[in-house]
Amino acid sequence: MPLETCEKEGEKGSNQRPGHEEHSHSHGKEHHHHDHQTNGSLKIYQENLDFAFRLYKHISAQPDSQSKNVFFSPLSVSVALAALSVGARGKTHQQLFEGLGFNSTEITTEEVSQAFQHIHHNLNEKTDVDLSLGNALFIGQDFKPRPEFLESMKRYYESDGFSTDFSKPEEAKEQINKYVNEKTKGKISDLVQKVDPLTVMYLINYIYFKGKWEIPFDPKATKEHDFHVDDKTTVSVPMMYEEDYFHVYHDEDISTHVLQLHYNESVSMMLVLPEKGLQGLEEVVCKNHLQKWIRSVGKKKYQVYVPKLSLKTSYQLKEILSEMGITDIFGDTADLTGISEGGKLAVSKVMHKATLDVDEAGATAAAATGIEIMMTLALFPAPTPEEAGDGQA
């Protein structure tokens, strides 16, 4: 599930109906891939859906998200953290696995890596949409990762590798951002805002998608339309319109309309319109609903109104992931000895950016996740004599 979004109050493309009972437009958008996959990757996909929904709920609960659109790629974050887990050991590895929704007693690191390898191949081999998923390691010039870690990153995560001089922060930042900008075709140009000169490695994931609607909207039919954000707020948005046979479903259990817009047979965008407001849906929706909707949609003639929109979001995920129970990677107890034995490592930052553009022809989406890794001595400097309380000057 590469991309997921949920519009919030007061923003273009919000999530309440525009006052027409037969109209369906957007609440949440997810690009789904229904190819026949191996049992391993399908199992990973199913278990990782829990992570996607939990991550969404934690992001949307943040104070600065309350009045904003929430848009992110759970796949990008999952791939970056799964790649990091290749170099994690002990409790740190177990915690990462559990945080991603995997049971370490039932599935091995090798099996997870093989499943993500299949996902990379599956998505990158699509020819009917423009879709790419990949990773990169930017490695400090004096830092020596384990050869087996580099081999696993290349084999399972199709990772590029670059030597980076982090003692020149601006040059390092430019090198990383240029790479992400190229891979996302200009959609994400400034993933990294600041580079600490004590950084030893950056792990980067990117995903890019562009697809044309199976049933395109007529640009001449796009008009400004009142959009009811809630009972008290109405905004005017450019609303696309089309009448045709669409894949739809009404989930009576949670009073929600579902519309599936296809790009082709294997990729689609799912739009969800709750009858009783977004908050009520957020409290109950989970992966089981998503799976039921995918199974249950059927063709029916509909008048469909969808907001034409453009979204850009940026998140610092360290605190959010910590709230989700992934804490060890950030502390002095982090065990990342699978990456290198050349010093004690910990993650200092996890950043994520995503963009989405929806118009009459189709949709373009991109996302990137960056994990900054430093020596723990840099993260946790030794106390001064005064701080240590030994009374010496």
# chains A, B, ... in the order shown; residues from 1 in each chain; ligands from 1
call {"tool": "residues_around", "arguments": {"residues": "Lys344 (chain A)", "least_positions_apart": "2", "cutoff": "12 Å", "atoms": "only C-alpha atoms", "output": "CSV table (one decimal) with C-alpha atoms, in the first residue's frame"}}
result
chain,number,residue,atom,x,y,z
A,88,ALA,CA,19.7,-4.4,14.0
A,143,PHE,CA,32.8,4.7,8.2
A,200,VAL,CA,28.1,8.3,9.6
A,329,ILE,CA,16.9,2.6,17.7
A,330,PHE,CA,17.1,6.1,19.1
A,331,GLY,CA,18.8,5.5,22.4
A,332,ASP,CA,22.1,4.5,23.8
A,333,THR,CA,20.8,0.9,24.1
A,334,ALA,CA,20.5,0.7,20.3
A,335,ASP,CA,22.1,-2.5,18.9
A,336,LEU,CA,23.0,-1.8,15.2
A,337,THR,CA,26.1,-4.0,15.2
A,338,GLY,CA,24.7,-5.7,12.1
A,339,ILE,CA,25.6,-2.4,10.2
A,340,SER,CA,29.1,-2.0,11.6
A,341,GLU,CA,31.3,-3.0,14.5
A,342,GLY,CA,33.3,0.2,14.2
A,346,ALA,CA,22.0,5.0,16.9
A,347,VAL,CA,19.3,6.7,14.8
A,373,ILE,CA,22.6,7.4,11.8
A,374,MET,CA,25.3,8.7,14.1
A,375,MET,CA,27.7,7.3,16.7
A,376,THR,CA,26.1,7.3,20.1
A,377,LEU,CA,28.9,9.3,21.6
A,378,ALA,CA,27.9,12.1,19.3
A,379,LEU,CA,24.3,11.7,20.4
A,380,PHE,CA,25.0,11.3,24.1
call {"tool": "residues_around", "arguments": {"residues": "region 300-315 of chain A", "least_positions_apart": "4", "cutoff": "6 Å", "atoms": "only C-alpha atoms", "output": "PyMOL selection string"}}
result
chain A and resi 13+23-25+238-246+351-359
call {"tool": "select_by_dssp", "arguments": {"residues": "region 15-246 of chain A", "states": "strand (DSSP E)", "output": "ChimeraX atom specification"}}
result
/A:23-24,28-33,70-72,130-140,159-164,199-212,223-228,234-246
call {"tool": "closest_residue", "arguments": {"among": "A:Leu49, A:Leu198, A:Ala366, A:Leu96", "to": "Thr109 (chain A)", "atoms": "only C-alpha atoms"}}
result
A:Leu96
call {"tool": "atom_distance", "arguments": {"atom1": "CA of Ile294 (chain A)", "atom2": "CA of Gly134 (chain A)"}}
result
26.6 Å
call {"tool": "closest_residue", "arguments": {"among": "A:Asn135, A:Glu151, A:Ile320, A:Glu360", "to": "Ala221 (chain A)", "atoms": "only C-alpha atoms"}}
result
A:Glu360
call {"tool": "residues_around", "arguments": {"residues": "region 126-128 of chain A", "least_positions_apart": "5", "cutoff": "10 Å", "atoms": "only C-alpha atoms", "output": "list in words"}}
result
His121, Lys210, Gly211, Lys212, Tyr263, Asn264, Glu265, Ser266 and Val267 of chain A
call {"tool": "write_last_selection", "arguments": {"atoms": "N, CA and C atoms", "output": "short mmCIF file (atom, residue, chain, number, x, y, z; two decimals), in the first residue's frame"}}
result
data_model
loop_
_atom_site.label_atom_id
_atom_site.label_comp_id
_atom_site.auth_asym_id
_atom_site.auth_seq_id
_atom_site.Cartn_x
_atom_site.Cartn_y
_atom_site.Cartn_z
N HIS A 121 10.66 -5.87 -6.85
CA HIS A 121 10.63 -6.36 -8.22
C HIS A 121 9.24 -6.21 -8.82
N LYS A 210 3.05 7.53 -11.13
CA LYS A 210 2.24 8.36 -12.03
C LYS A 210 1.38 7.45 -12.87
N GLY A 211 0.07 7.67 -12.83
CA GLY A 211 -0.85 6.83 -13.59
C GLY A 211 -1.99 7.63 -14.17
N LYS A 212 -2.53 7.14 -15.30
CA LYS A 212 -3.67 7.79 -15.94
C LYS A 212 -4.94 7.02 -15.61
N TYR A 263 -6.57 2.87 -12.40
CA TYR A 263 -5.64 3.30 -13.43
C TYR A 263 -5.56 2.21 -14.50
N ASN A 264 -5.55 0.97 -14.04
CA ASN A 264 -5.56 -0.21 -14.90
C ASN A 264 -5.98 -1.37 -14.03
N GLU A 265 -5.76 -2.58 -14.49
CA GLU A 265 -6.24 -3.74 -13.74
C GLU A 265 -5.52 -3.95 -12.42
N SER A 266 -4.27 -3.49 -12.30
CA SER A 266 -3.49 -3.84 -11.12
C SER A 266 -3.30 -2.69 -10.13
N VAL A 267 -3.65 -1.48 -10.50
CA VAL A 267 -3.42 -0.33 -9.63
C VAL A 267 -4.69 0.50 -9.57
#
call {"tool": "residues_around", "arguments": {"residues": "Gly99 (chain A)", "least_positions_apart": "6", "cutoff": "7 Å", "atoms": "only C-alpha atoms", "output": "compact mmCIF listing (two decimals) with C-alpha atoms, in the first residue's frame"}}
result
# COMPACT_ATOMS: atom_id res chain seq x y z
CA MET A 324 4.42 3.40 18.60
CA GLY A 325 6.96 1.47 20.69
CA ILE A 326 9.98 1.77 18.40
call {"tool": "closest_residue", "arguments": {"among": "A:Cys286, A:Val235, A:Met270, A:Val192", "to": "Lys349 (chain A)", "atoms": "only C-alpha atoms"}}
result
A:Val192
call {"tool": "residues_around", "arguments": {"residues": "region 153-163 of chain A", "least_positions_apart": "2", "cutoff": "8 Å", "atoms": "only C-alpha atoms", "output": "NGL selection string"}}
result
:A and (83 or 86 or 113-114 or 116-117 or 120 or 134-141 or 149-151 or 165)
call {"tool": "residues_around", "arguments": {"residues": "Arg295 (chain A)", "least_positions_apart": "5", "cutoff": "10 Å", "atoms": "only C-alpha atoms", "output": "MDAnalysis selection string"}}
result
chainID A and resid 249 289:290
call {"tool": "select_by_dssp", "arguments": {"residues": "region 73-234 of chain A", "states": "alpha helix (DSSP H)", "output": "MDAnalysis selection string"}}
result
chainID A and resid 74:85 90:99 109:124 147:157 169:183
call {"tool": "atom_distance", "arguments": {"atom1": "CA of Gly90 (chain A)", "atom2": "CA of Ser104 (chain A)"}}
result
10.9 Å
call {"tool": "residues_around", "arguments": {"residues": "Leu131 (chain A)", "least_positions_apart": "6", "cutoff": "10 Å", "atoms": "only C-alpha atoms", "output": "ChimeraX atom specification"}}
result
/A:123-125,184,207-211,364-366
call {"tool": "closest_residue", "arguments": {"among": "A:Lys194, A:Ala363, A:Asn205, A:Gly87", "to": "Arg146 (chain A)", "atoms": "only C-alpha atoms"}}
result
A:Gly87
call {"tool": "atom_distance", "arguments": {"atom1": "CA of Ser76 (chain A)", "atom2": "CA of Glu214 (chain A)"}}
result
25.5 Å
